[in-house]
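Report on one structure; see the data block that follows.
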Protein chains: 2
Amino acid sequence: MNTLPNNLKQISLFLERLPGIGEKTANRLAFYLLRLPERDLKEFAETIGSLKSKTKLCRVCMNLTEDEICSIDKDTSRDHEIITVVEEVLDLLSFETGNIYKGVYYVLHGKIDPLNHIGPEDIYIQQLLDRVSELTSSRVNGLKKTRIKEIILAMNPDMEGEATAMYIRDRLKEVKKHNGVYFKITRLAYGLPIGASLEYADYMTLQKSIEGRNEY
Amino acid sequence: MNTLPNNLKQISLFLERLPGIGEKTANRLAFYLLRLPERDLKEFAETIGSLKSKTKLCRVCMNLTEDEICSIDKDTSRDHEIITVVEEVLDLLSFETGNIYKGVYYVLHGKIDPLNHIGPEDIYIQQLLDRVSELTSSRVNGLKKTRIKEIILAMNPDMEGEATAMYIRDRLKEVKKHNGVYFKITRLAYGLPIGASLEYADYMTLQKSIEGRNEY
(Lines give C-alpha, C1' and ligand atoms only; values in the text may rest on other atoms or scores of the structure.)
Protein backbone atom coordinates (compact mmCIF):
# COMPACT_ATOMS: atom_id res chain seq x y z
CA MET A 1 0.00 0.00 0.00
CA ASN A 2 3.04 2.29 -0.05
CA THR A 3 2.20 3.12 -3.61
CA LEU A 4 -1.02 4.92 -2.75
CA PRO A 5 -0.71 8.73 -2.51
CA ASN A 6 -0.80 9.87 1.10
CA ASN A 7 -4.17 11.59 1.04
CA LEU A 8 -5.87 8.61 -0.58
CA LYS A 9 -4.24 6.30 1.93
CA GLN A 10 -5.46 8.47 4.80
CA ILE A 11 -9.02 8.40 3.50
CA SER A 12 -8.84 4.67 2.93
CA LEU A 13 -7.54 4.05 6.45
CA PHE A 14 -10.31 6.21 7.91
CA LEU A 15 -13.01 4.40 5.93
CA GLU A 16 -11.58 1.08 7.07
CA ARG A 17 -12.48 2.01 10.64
CA LEU A 18 -16.18 2.09 9.73
CA PRO A 19 -18.26 -1.03 10.39
CA GLY A 20 -18.47 -3.48 7.51
CA ILE A 21 -15.73 -1.86 5.44
CA GLY A 22 -12.53 -3.79 4.83
CA GLU A 23 -9.30 -2.73 3.17
CA LYS A 24 -10.41 -3.53 -0.40
CA THR A 25 -13.74 -1.74 -0.05
CA ALA A 26 -12.06 1.24 1.61
CA ASN A 27 -9.66 1.54 -1.33
CA ARG A 28 -12.47 1.25 -3.82
CA LEU A 29 -14.48 3.95 -2.04
CA ALA A 30 -11.47 6.28 -1.78
CA PHE A 31 -10.93 6.00 -5.54
CA TYR A 32 -14.59 6.59 -6.16
CA LEU A 33 -14.48 9.76 -4.04
CA LEU A 34 -11.68 11.04 -6.25
CA ARG A 35 -14.05 10.97 -9.23
CA LEU A 36 -16.81 13.00 -7.60
CA PRO A 37 -17.21 16.72 -8.34
CA GLU A 38 -14.92 18.97 -6.29
CA ARG A 39 -17.93 20.95 -5.02
CA ASP A 40 -19.66 17.86 -3.61
CA LEU A 41 -16.49 16.73 -1.84
CA LYS A 42 -15.99 20.13 -0.24
CA GLU A 43 -19.61 20.22 0.92
CA PHE A 44 -19.30 16.71 2.36
CA ALA A 45 -16.05 17.68 4.09
CA GLU A 46 -17.72 20.67 5.70
CA THR A 47 -20.66 18.65 6.98
CA ILE A 48 -18.36 15.96 8.38
CA GLY A 49 -16.16 18.56 10.07
CA SER A 50 -19.04 20.17 11.92
CA LEU A 51 -21.03 16.98 12.48
CA LYS A 52 -20.41 16.54 16.17
CA SER A 53 -20.61 20.19 17.19
CA LYS A 54 -23.93 20.66 15.40
CA THR A 55 -25.72 17.51 16.55
CA LYS A 56 -27.46 17.49 19.94
CA LEU A 57 -29.84 15.24 21.83
CA CYS A 58 -33.47 16.32 21.88
CA ARG A 59 -34.35 17.66 25.35
CA VAL A 60 -37.59 15.68 25.33
CA CYS A 61 -36.79 12.26 23.86
CA MET A 62 -32.99 12.02 23.36
CA ASN A 63 -33.43 11.70 19.58
CA LEU A 64 -30.67 13.39 17.55
CA THR A 65 -31.44 16.91 16.43
CA GLU A 66 -29.84 20.16 15.33
CA ASP A 67 -32.28 22.19 17.50
CA GLU A 68 -33.21 21.87 21.16
CA ILE A 69 -36.27 19.74 20.39
CA CYS A 70 -36.49 17.22 17.54
CA SER A 71 -38.94 17.44 14.66
CA ILE A 72 -41.01 14.55 16.02
CA ASP A 73 -41.65 16.18 19.38
CA LYS A 74 -42.42 19.48 17.65
CA ASP A 75 -45.04 17.80 15.43
CA THR A 76 -48.43 18.63 16.96
CA SER A 77 -50.24 16.21 14.63
CA ARG A 78 -48.68 13.26 16.46
CA ASP A 79 -50.13 11.56 19.54
CA HIS A 80 -47.81 12.65 22.34
CA GLU A 81 -49.52 10.33 24.82
CA ILE A 82 -48.09 7.20 23.23
CA ILE A 83 -44.35 6.78 23.73
CA THR A 84 -42.30 4.07 22.03
CA VAL A 85 -39.03 3.38 23.84
CA VAL A 86 -36.23 2.27 21.46
CA GLU A 87 -32.59 1.37 21.97
CA GLU A 88 -31.10 3.47 19.19
CA VAL A 89 -32.03 6.30 16.85
CA LEU A 90 -31.72 3.86 13.94
CA ASP A 91 -34.59 1.84 15.42
CA LEU A 92 -36.70 5.00 15.50
CA LEU A 93 -35.86 5.55 11.83
CA SER A 94 -37.11 2.06 10.96
CA PHE A 95 -40.53 2.93 12.38
CA GLU A 96 -40.54 6.30 10.65
CA THR A 97 -39.59 4.91 7.25
CA GLY A 98 -42.69 2.74 7.26
CA ASN A 99 -44.89 5.67 8.31
CA ILE A 100 -46.76 3.17 10.49
CA TYR A 101 -46.67 4.95 13.83
CA LYS A 102 -48.06 8.29 14.90
CA GLY A 103 -46.94 8.50 18.54
CA VAL A 104 -43.64 9.84 19.86
CA TYR A 105 -40.41 8.12 20.96
CA TYR A 106 -37.84 7.88 23.67
CA VAL A 107 -34.29 6.83 22.75
CA LEU A 108 -32.23 4.98 25.38
CA HIS A 109 -28.96 5.08 23.40
CA GLY A 110 -28.07 1.54 24.38
CA LYS A 111 -29.33 -1.46 26.30
CA ILE A 112 -28.51 -3.08 29.60
CA ASP A 113 -25.61 -5.41 28.80
CA PRO A 114 -23.79 -6.71 31.90
CA LEU A 115 -21.20 -8.63 29.86
CA ASN A 116 -20.06 -5.34 28.36
CA HIS A 117 -20.38 -3.50 31.68
CA ILE A 118 -23.39 -1.44 30.62
CA GLY A 119 -25.82 -1.04 33.51
CA PRO A 120 -29.17 0.80 33.73
CA GLU A 121 -27.35 3.96 34.83
CA ASP A 122 -25.25 4.00 31.64
CA ILE A 123 -28.19 4.57 29.31
CA TYR A 124 -31.06 7.10 29.49
CA ILE A 125 -33.41 5.04 31.69
CA GLN A 126 -33.53 7.40 34.68
CA GLN A 127 -34.31 10.32 32.36
CA LEU A 128 -37.17 8.31 30.85
CA LEU A 129 -38.56 7.53 34.31
CA ASP A 130 -38.24 11.19 35.34
CA ARG A 131 -40.14 12.25 32.25
CA VAL A 132 -42.90 9.70 32.77
CA SER A 133 -43.08 10.74 36.42
CA GLU A 134 -43.48 14.37 35.41
CA LEU A 135 -46.13 13.59 32.80
CA THR A 136 -48.19 11.59 35.30
CA SER A 137 -47.99 13.76 38.38
CA SER A 138 -49.87 16.90 37.34
CA ARG A 139 -53.11 17.62 39.15
CA VAL A 140 -56.34 19.06 37.76
CA ASN A 141 -58.88 20.16 40.41
CA GLY A 142 -57.05 18.08 42.98
CA LEU A 143 -57.29 14.93 40.84
CA LYS A 144 -54.25 13.16 39.43
CA LYS A 145 -54.10 13.53 35.69
CA THR A 146 -51.88 11.48 33.37
CA ARG A 147 -50.69 12.66 30.00
CA ILE A 148 -49.62 9.19 28.96
CA LYS A 149 -51.86 6.52 27.45
CA GLU A 150 -49.33 3.89 26.58
CA ILE A 151 -45.63 3.13 26.66
CA ILE A 152 -44.48 0.63 24.02
CA LEU A 153 -41.24 -1.13 24.86
CA ALA A 154 -39.59 -1.65 21.46
CA MET A 155 -36.28 -3.14 22.49
CA ASN A 156 -34.69 -5.67 20.14
CA PRO A 157 -35.74 -9.32 20.55
CA ASP A 158 -32.44 -10.49 22.01
CA MET A 159 -31.27 -11.26 25.54
CA GLU A 160 -30.06 -7.76 26.39
CA GLY A 161 -33.11 -6.14 24.81
CA GLU A 162 -35.35 -8.46 26.83
CA ALA A 163 -33.51 -7.66 30.07
CA THR A 164 -33.74 -3.94 29.36
CA ALA A 165 -37.47 -4.17 28.62
CA MET A 166 -38.12 -6.13 31.83
CA TYR A 167 -36.12 -3.68 33.91
CA ILE A 168 -37.94 -0.67 32.48
CA ARG A 169 -41.34 -2.38 32.85
CA ASP A 170 -40.73 -2.97 36.57
CA ARG A 171 -39.54 0.58 37.15
CA LEU A 172 -42.52 2.00 35.22
CA LYS A 173 -44.88 -0.04 37.38
CA GLU A 174 -43.33 1.61 40.43
CA VAL A 175 -43.99 5.03 38.88
CA LYS A 176 -47.62 4.07 38.18
CA LYS A 177 -48.07 2.89 41.75
CA HIS A 178 -46.31 5.87 43.27
CA ASN A 179 -48.27 8.44 41.26
CA GLY A 180 -51.51 6.46 41.44
CA VAL A 181 -52.09 6.63 37.69
CA TYR A 182 -52.79 4.17 34.90
CA PHE A 183 -51.22 3.78 31.50
CA LYS A 184 -50.62 0.70 29.36
CA ILE A 185 -47.15 -0.84 29.11
CA THR A 186 -46.78 -3.00 26.00
CA ARG A 187 -44.08 -4.92 24.14
CA LEU A 188 -43.79 -5.49 20.37
CA ALA A 189 -45.23 -8.77 19.07
CA TYR A 190 -42.89 -11.66 18.27
CA GLY A 191 -43.48 -14.07 15.44
CA LEU A 192 -42.68 -14.97 11.87
CA PRO A 193 -41.58 -12.06 9.73
CA ILE A 194 -43.75 -11.34 6.71
CA GLY A 195 -42.53 -13.25 3.67
CA ALA A 196 -40.60 -15.75 5.77
CA SER A 197 -40.66 -19.45 5.06
CA LEU A 198 -41.54 -21.82 7.91
CA GLU A 199 -38.90 -24.18 6.59
CA TYR A 200 -36.10 -21.78 7.38
CA ALA A 201 -37.48 -20.19 10.56
CA ASP A 202 -35.44 -20.73 13.74
CA TYR A 203 -37.15 -22.59 16.55
CA MET A 204 -37.18 -19.58 18.92
CA THR A 205 -39.19 -17.58 16.42
CA LEU A 206 -41.48 -20.56 15.78
CA GLN A 207 -42.03 -20.99 19.51
CA LYS A 208 -42.92 -17.29 19.85
CA SER A 209 -45.25 -17.50 16.87
CA ILE A 210 -47.09 -20.43 18.48
CA GLU A 211 -47.24 -18.78 21.90
CA GLY A 212 -48.59 -15.60 20.39
CA ARG A 213 -51.07 -17.22 18.00
CA ASN A 214 -54.31 -15.35 17.40
CA GLU A 215 -57.84 -16.51 16.77
CA TYR A 216 -58.64 -16.54 13.09
CA MET B 1 -36.31 10.12 6.81
CA ASN B 2 -37.57 13.59 7.72
CA THR B 3 -36.74 12.81 11.31
CA LEU B 4 -32.99 12.71 10.75
CA PRO B 5 -31.15 15.94 11.59
CA ASN B 6 -30.13 17.77 8.45
CA ASN B 7 -26.40 17.26 8.72
CA LEU B 8 -26.74 13.52 9.32
CA LYS B 9 -29.16 13.28 6.42
CA GLN B 10 -26.69 15.10 4.14
CA ILE B 11 -23.89 12.74 5.10
CA SER B 12 -26.13 9.73 4.65
CA LEU B 13 -27.25 10.90 1.20
CA PHE B 14 -23.65 11.48 0.18
CA LEU B 15 -22.56 8.03 1.35
CA GLU B 16 -25.49 6.50 -0.53
CA ARG B 17 -23.92 7.72 -3.76
CA LEU B 18 -20.88 5.51 -3.18
CA PRO B 19 -20.82 2.07 -4.84
CA GLY B 20 -22.23 -0.76 -2.75
CA ILE B 21 -23.77 1.46 -0.11
CA GLY B 22 -27.55 1.52 0.22
CA GLU B 23 -29.81 3.68 2.35
CA LYS B 24 -29.63 1.49 5.47
CA THR B 25 -25.84 1.17 5.36
CA ALA B 26 -25.47 4.89 4.70
CA ASN B 27 -27.54 5.66 7.79
CA ARG B 28 -25.57 3.21 9.89
CA LEU B 29 -22.27 4.72 8.74
CA ALA B 30 -23.47 8.28 9.38
CA PHE B 31 -24.39 7.34 12.95
CA TYR B 32 -21.08 5.63 13.41
CA LEU B 33 -19.26 8.76 12.25
CA LEU B 34 -21.08 10.70 14.93
CA ARG B 35 -19.39 8.56 17.57
CA LEU B 36 -15.84 9.07 16.34
CA PRO B 37 -13.54 11.59 18.04
CA GLU B 38 -14.01 15.19 16.87
CA ARG B 39 -10.32 15.45 15.96
CA ASP B 40 -10.45 12.44 13.60
CA LEU B 41 -13.56 13.76 11.86
CA LYS B 42 -11.96 17.16 11.29
CA GLU B 43 -8.82 15.57 9.90
CA PHE B 44 -10.88 13.35 7.60
CA ALA B 45 -12.92 16.36 6.46
CA GLU B 46 -9.75 18.26 5.60
CA THR B 47 -8.31 15.40 3.57
CA ILE B 48 -11.58 14.91 1.68
CA GLY B 49 -11.86 18.62 0.97
CA SER B 50 -8.41 18.82 -0.62
CA LEU B 51 -8.47 15.34 -2.19
CA LYS B 52 -8.95 16.36 -5.80
CA SER B 53 -6.70 19.41 -5.81
CA LYS B 54 -3.83 17.46 -4.25
CA THR B 55 -4.00 14.31 -6.35
CA LYS B 56 -2.32 14.27 -9.77
CA LEU B 57 -1.47 11.72 -12.41
CA CYS B 58 2.16 10.60 -12.54
CA ARG B 59 3.88 12.13 -15.57
CA VAL B 60 5.48 8.81 -16.41
CA CYS B 61 2.82 6.14 -15.85
CA MET B 62 -0.51 7.88 -15.04
CA ASN B 63 -0.58 6.35 -11.56
CA LEU B 64 -2.09 8.61 -8.89
CA THR B 65 0.42 10.67 -6.94
CA GLU B 66 0.79 13.81 -4.87
CA ASP B 67 4.07 14.68 -6.64
CA GLU B 68 4.95 14.94 -10.32
CA ILE B 69 6.27 11.38 -10.45
CA CYS B 70 4.84 8.48 -8.43
CA SER B 71 6.82 6.51 -5.85
CA ILE B 72 7.04 3.47 -8.13
CA ASP B 73 8.70 5.34 -10.97
CA LYS B 74 11.05 7.04 -8.50
CA ASP B 75 12.15 3.68 -7.09
CA THR B 76 15.52 2.90 -8.67
CA SER B 77 15.55 -0.64 -7.26
CA ARG B 78 12.76 -1.62 -9.65
CA ASP B 79 13.21 -2.87 -13.20
CA HIS B 80 12.07 0.03 -15.38
CA GLU B 81 12.41 -2.04 -18.53
CA ILE B 82 9.38 -4.19 -17.70
CA ILE B 83 6.08 -2.35 -17.93
CA THR B 84 2.77 -3.84 -16.83
CA VAL B 85 -0.21 -2.11 -18.41
CA VAL B 86 -3.31 -2.12 -16.17
CA GLU B 87 -6.80 -0.71 -16.55
CA GLU B 88 -7.08 0.97 -13.17
CA VAL B 89 -4.92 2.08 -10.26
CA LEU B 90 -6.72 -0.49 -8.10
CA ASP B 91 -5.34 -3.24 -10.34
CA LEU B 92 -1.84 -1.87 -9.76
CA LEU B 93 -2.49 -1.99 -6.03
CA SER B 94 -3.43 -5.67 -6.25
CA PHE B 95 -0.01 -6.47 -7.72
CA GLU B 96 1.74 -4.27 -5.16
CA THR B 97 -0.05 -5.80 -2.18
CA GLY B 98 1.33 -9.20 -3.07
CA ASN B 99 4.84 -7.79 -3.50
CA ILE B 100 5.17 -10.18 -6.45
CA TYR B 101 6.31 -7.82 -9.15
CA LYS B 102 9.38 -5.63 -9.44
CA GLY B 103 8.83 -3.83 -12.75
CA VAL B 104 6.90 -0.62 -13.33
CA TYR B 105 3.35 0.08 -14.53
CA TYR B 106 1.26 2.04 -16.94
CA VAL B 107 -2.33 2.90 -16.01
CA LEU B 108 -4.89 3.29 -18.80
CA HIS B 109 -7.70 4.59 -16.56
CA GLY B 110 -10.30 2.57 -18.36
CA LYS B 111 -10.77 0.03 -21.11
CA ILE B 112 -12.14 0.12 -24.64
CA ASP B 113 -15.86 -0.37 -24.22
CA PRO B 114 -17.89 0.46 -27.35
CA LEU B 115 -21.23 -0.22 -25.67
CA ASN B 116 -20.48 2.60 -23.23
CA HIS B 117 -18.97 4.78 -25.95
CA ILE B 118 -15.40 4.48 -24.68
CA GLY B 119 -12.98 4.26 -27.56
CA PRO B 120 -9.15 3.98 -27.65
CA GLU B 121 -8.86 7.77 -27.65
CA ASP B 122 -10.81 8.07 -24.38
CA ILE B 123 -8.19 6.27 -22.29
CA TYR B 124 -4.41 6.75 -22.07
CA ILE B 125 -3.45 4.45 -24.94
CA GLN B 126 -1.85 7.08 -27.19
CA GLN B 127 0.25 8.32 -24.25
CA LEU B 128 1.42 4.75 -23.65
CA LEU B 129 2.38 4.34 -27.31
CA ASP B 130 4.19 7.69 -27.27
CA ARG B 131 6.15 6.65 -24.22
CA VAL B 132 7.07 3.26 -25.68
CA SER B 133 8.04 5.00 -28.91
CA GLU B 134 10.29 7.38 -27.01
CA LEU B 135 11.89 4.59 -24.98
CA THR B 136 12.67 2.58 -28.13
CA SER B 137 13.91 5.30 -30.49
CA SER B 138 17.10 6.47 -28.83
CA ARG B 139 20.36 5.81 -30.70
CA VAL B 140 23.71 4.81 -29.27
CA ASN B 141 26.61 5.12 -31.77
CA GLY B 142 24.09 5.18 -34.60
CA LEU B 143 22.48 1.91 -33.43
CA LYS B 144 18.88 1.73 -32.26
CA LYS B 145 18.69 1.03 -28.53
CA THR B 146 15.58 -0.03 -26.65
CA ARG B 147 15.03 0.62 -23.00
CA ILE B 148 12.11 -1.84 -22.81
CA LYS B 149 12.45 -5.60 -22.32
CA GLU B 150 8.82 -6.56 -21.92
CA ILE B 151 5.32 -5.12 -21.84
CA ILE B 152 2.82 -7.19 -19.87
CA LEU B 153 -0.80 -6.58 -20.82
CA ALA B 154 -2.69 -7.05 -17.56
CA MET B 155 -6.20 -6.15 -18.61
CA ASN B 156 -9.06 -7.92 -16.88
CA PRO B 157 -10.16 -11.27 -18.37
CA ASP B 158 -13.45 -9.99 -19.76
CA MET B 159 -14.60 -9.00 -23.21
CA GLU B 160 -13.63 -5.32 -22.97
CA GLY B 161 -10.31 -6.16 -21.33
CA GLU B 162 -9.58 -8.63 -24.10
CA ALA B 163 -10.45 -6.10 -26.80
CA THR B 164 -8.26 -3.48 -25.15
CA ALA B 165 -5.33 -5.90 -24.89
CA MET B 166 -5.64 -6.91 -28.53
CA TYR B 167 -5.83 -3.31 -29.69
CA ILE B 168 -2.76 -2.31 -27.68
CA ARG B 169 -0.85 -5.41 -28.84
CA ASP B 170 -1.42 -4.52 -32.50
CA ARG B 171 -0.43 -0.89 -31.96
CA LEU B 172 2.69 -1.94 -30.04
CA LYS B 173 3.70 -4.24 -32.90
CA GLU B 174 3.51 -1.24 -35.21
CA VAL B 175 5.83 0.68 -32.90
CA LYS B 176 8.28 -2.24 -32.83
CA LYS B 177 8.24 -2.45 -36.59
CA HIS B 178 8.51 1.31 -37.11
CA ASN B 179 11.42 1.71 -34.68
CA GLY B 180 13.02 -1.56 -35.71
CA VAL B 181 13.37 -2.78 -32.13
CA TYR B 182 12.41 -5.88 -30.18
CA PHE B 183 10.66 -6.29 -26.86
CA LYS B 184 8.32 -8.99 -25.58
CA ILE B 185 4.58 -8.39 -25.41
CA THR B 186 2.87 -10.77 -22.97
CA ARG B 187 -0.54 -11.33 -21.46
CA LEU B 188 -1.36 -12.65 -17.95
CA ALA B 189 -2.04 -16.39 -17.70
CA TYR B 190 -5.62 -17.64 -17.50
CA GLY B 191 -6.63 -20.69 -15.49
CA LEU B 192 -8.01 -21.96 -12.25
CA PRO B 193 -7.49 -19.62 -9.31
CA ILE B 194 -5.49 -21.07 -6.42
CA GLY B 195 -7.75 -22.75 -3.88
CA ALA B 196 -10.56 -23.15 -6.40
CA SER B 197 -12.55 -26.32 -6.72
CA LEU B 198 -12.90 -27.90 -10.18
CA GLU B 199 -16.46 -28.76 -9.27
CA TYR B 200 -17.47 -25.11 -9.12
CA ALA B 201 -15.26 -23.71 -11.88
CA ASP B 202 -17.06 -22.17 -14.86
CA TYR B 203 -16.46 -23.79 -18.23
CA MET B 204 -14.69 -20.73 -19.68
CA THR B 205 -12.06 -20.91 -16.95
CA LEU B 206 -11.77 -24.68 -17.37
CA GLN B 207 -11.32 -24.28 -21.10
CA LYS B 208 -8.56 -21.72 -20.54
CA SER B 209 -6.89 -23.96 -17.98
CA ILE B 210 -6.84 -26.84 -20.48
CA GLU B 211 -5.60 -24.64 -23.34
CA GLY B 212 -2.87 -23.24 -21.15
CA ARG B 213 -1.80 -26.53 -19.56
CA ASN B 214 1.91 -26.90 -18.80
CA GLU B 215 4.22 -29.87 -18.87
CA TYR B 216 4.63 -31.34 -15.43
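Residue names in the C-alpha coordinates use chain letters A, B, ... in the order shown, residue numbers from 1 in each chain, and ligand numbers from 1 in the order shown.
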Hey, what's within 8 Å of range 164-181 of chain A if we count only C-alpha atoms and toss same-chain stuff fewer than 2 positions away? As a PyMOL selection string, please? chain A and resi 111-112+120+125+129+132-133+136-137+144-146+153-155+160-162+183+185
Could you write out as a short mmCIF file (atom, residue, chain, number, x, y, z; two decimals) with N, CA and C atoms, in the first residue's frame the residues of chain B within 7 Å of chain A, counting only C-alpha atoms?
data_model
loop_
_atom_site.label_atom_id
_atom_site.label_comp_id
_atom_site.auth_asym_id
_atom_site.auth_seq_id
_atom_site.Cartn_x
_atom_site.Cartn_y
_atom_site.Cartn_z
N MET B 1 -37.66 9.63 6.50
CA MET B 1 -36.31 10.12 6.81
C MET B 1 -36.31 11.59 7.23
N THR B 3 -37.04 12.70 9.89
CA THR B 3 -36.74 12.81 11.31
C THR B 3 -35.25 12.89 11.58
N PRO B 5 -31.66 14.55 11.66
CA PRO B 5 -31.15 15.94 11.59
C PRO B 5 -30.51 16.18 10.23
N ASN B 7 -27.79 17.58 9.03
CA ASN B 7 -26.40 17.26 8.72
C ASN B 7 -26.19 15.76 8.57
N ILE B 11 -24.98 13.70 5.13
CA ILE B 11 -23.89 12.74 5.10
C ILE B 11 -24.38 11.40 4.58
N LEU B 18 -22.07 6.34 -2.99
CA LEU B 18 -20.88 5.51 -3.18
C LEU B 18 -21.29 4.10 -3.58
N LEU B 29 -23.60 4.11 8.78
CA LEU B 29 -22.27 4.72 8.74
C LEU B 29 -22.31 6.15 9.28
N LEU B 34 -20.73 9.81 13.83
CA LEU B 34 -21.08 10.70 14.93
C LEU B 34 -20.38 10.31 16.22
N GLU B 38 -13.92 13.93 17.62
CA GLU B 38 -14.01 15.19 16.87
C GLU B 38 -12.75 15.43 16.02
N LEU B 41 -12.59 13.32 12.86
CA LEU B 41 -13.56 13.76 11.86
C LEU B 41 -13.03 14.99 11.13
N LYS B 42 -12.47 15.92 11.90
CA LYS B 42 -11.96 17.16 11.29
C LYS B 42 -10.82 16.86 10.33
N PHE B 44 -10.30 14.02 8.75
CA PHE B 44 -10.88 13.35 7.60
C PHE B 44 -11.51 14.38 6.66
N ALA B 45 -12.25 15.33 7.25
CA ALA B 45 -12.92 16.36 6.46
C ALA B 45 -11.90 17.16 5.64
N GLU B 46 -10.78 17.48 6.28
CA GLU B 46 -9.75 18.26 5.60
C GLU B 46 -9.17 17.49 4.40
N THR B 47 -8.88 16.21 4.64
CA THR B 47 -8.31 15.40 3.57
C THR B 47 -9.28 15.27 2.40
N ILE B 48 -10.55 15.03 2.72
CA ILE B 48 -11.58 14.91 1.68
C ILE B 48 -11.67 16.21 0.88
N GLY B 49 -11.67 17.32 1.61
CA GLY B 49 -11.86 18.62 0.97
C GLY B 49 -10.75 18.94 -0.03
N LEU B 51 -8.83 16.58 -1.48
CA LEU B 51 -8.47 15.34 -2.19
C LEU B 51 -8.16 15.58 -3.66
N LYS B 52 -9.10 16.23 -4.35
CA LYS B 52 -8.95 16.36 -5.80
C LYS B 52 -7.83 17.32 -6.17
N LEU B 64 -1.74 7.45 -9.71
CA LEU B 64 -2.09 8.61 -8.89
C LEU B 64 -0.92 8.96 -7.97
N THR B 65 -0.71 10.24 -7.76
CA THR B 65 0.42 10.67 -6.94
C THR B 65 0.17 12.08 -6.41
N GLU B 66 0.88 12.43 -5.36
CA GLU B 66 0.79 13.81 -4.87
C GLU B 66 1.93 14.65 -5.47
N SER B 71 5.75 7.16 -6.62
CA SER B 71 6.82 6.51 -5.85
C SER B 71 7.38 5.28 -6.57
N ILE B 72 6.57 4.65 -7.40
CA ILE B 72 7.04 3.47 -8.13
C ILE B 72 8.07 3.86 -9.19
N LEU B 93 -2.60 -1.73 -7.47
CA LEU B 93 -2.49 -1.99 -6.03
C LEU B 93 -2.54 -3.48 -5.71
N GLU B 96 0.82 -4.80 -6.16
CA GLU B 96 1.74 -4.27 -5.16
C GLU B 96 1.51 -4.90 -3.79
N THR B 97 0.26 -5.20 -3.47
CA THR B 97 -0.05 -5.80 -2.18
C THR B 97 0.67 -7.14 -2.03
#
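Shortest separation to Gly103 in chain A among A:Asp75, A:Asp202, A:Glu215, A:Asp158 occurs at residue A:Asp75, atoms counted being only C-alpha atoms.
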Could you name the residues that touch Ala201 in chain A at 10 Å or less, counting only C-alpha atoms, but leaving out those on the same chain fewer than 5 positions away, as a PyMOL selection string? chain A and resi 191-193+196+206
Which of range 55-128 of chain A end up as strand (DSSP E or B) when DSSP is run on this backbone - answer as number ranges by chain? A: 56-57, 64-65, 79-86, 103-107, 113, 118
Would you list, as a PyMOL selection string, the residues of range 23-211 of chain A that end up in alpha helix (DSSP H) under DSSP run on this structure's backbone? chain A and resi 23-35+38-49+51-54+71-74+89-98+125-135+159-179+203-211
Between B:Asp113, B:Ile83, B:Cys58, B:Tyr106, which one has atoms that come closest to Lys149 in chain B, using only C-alpha atoms?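 Smallest distance to Lys149 in chain B is found for B:Ile83.
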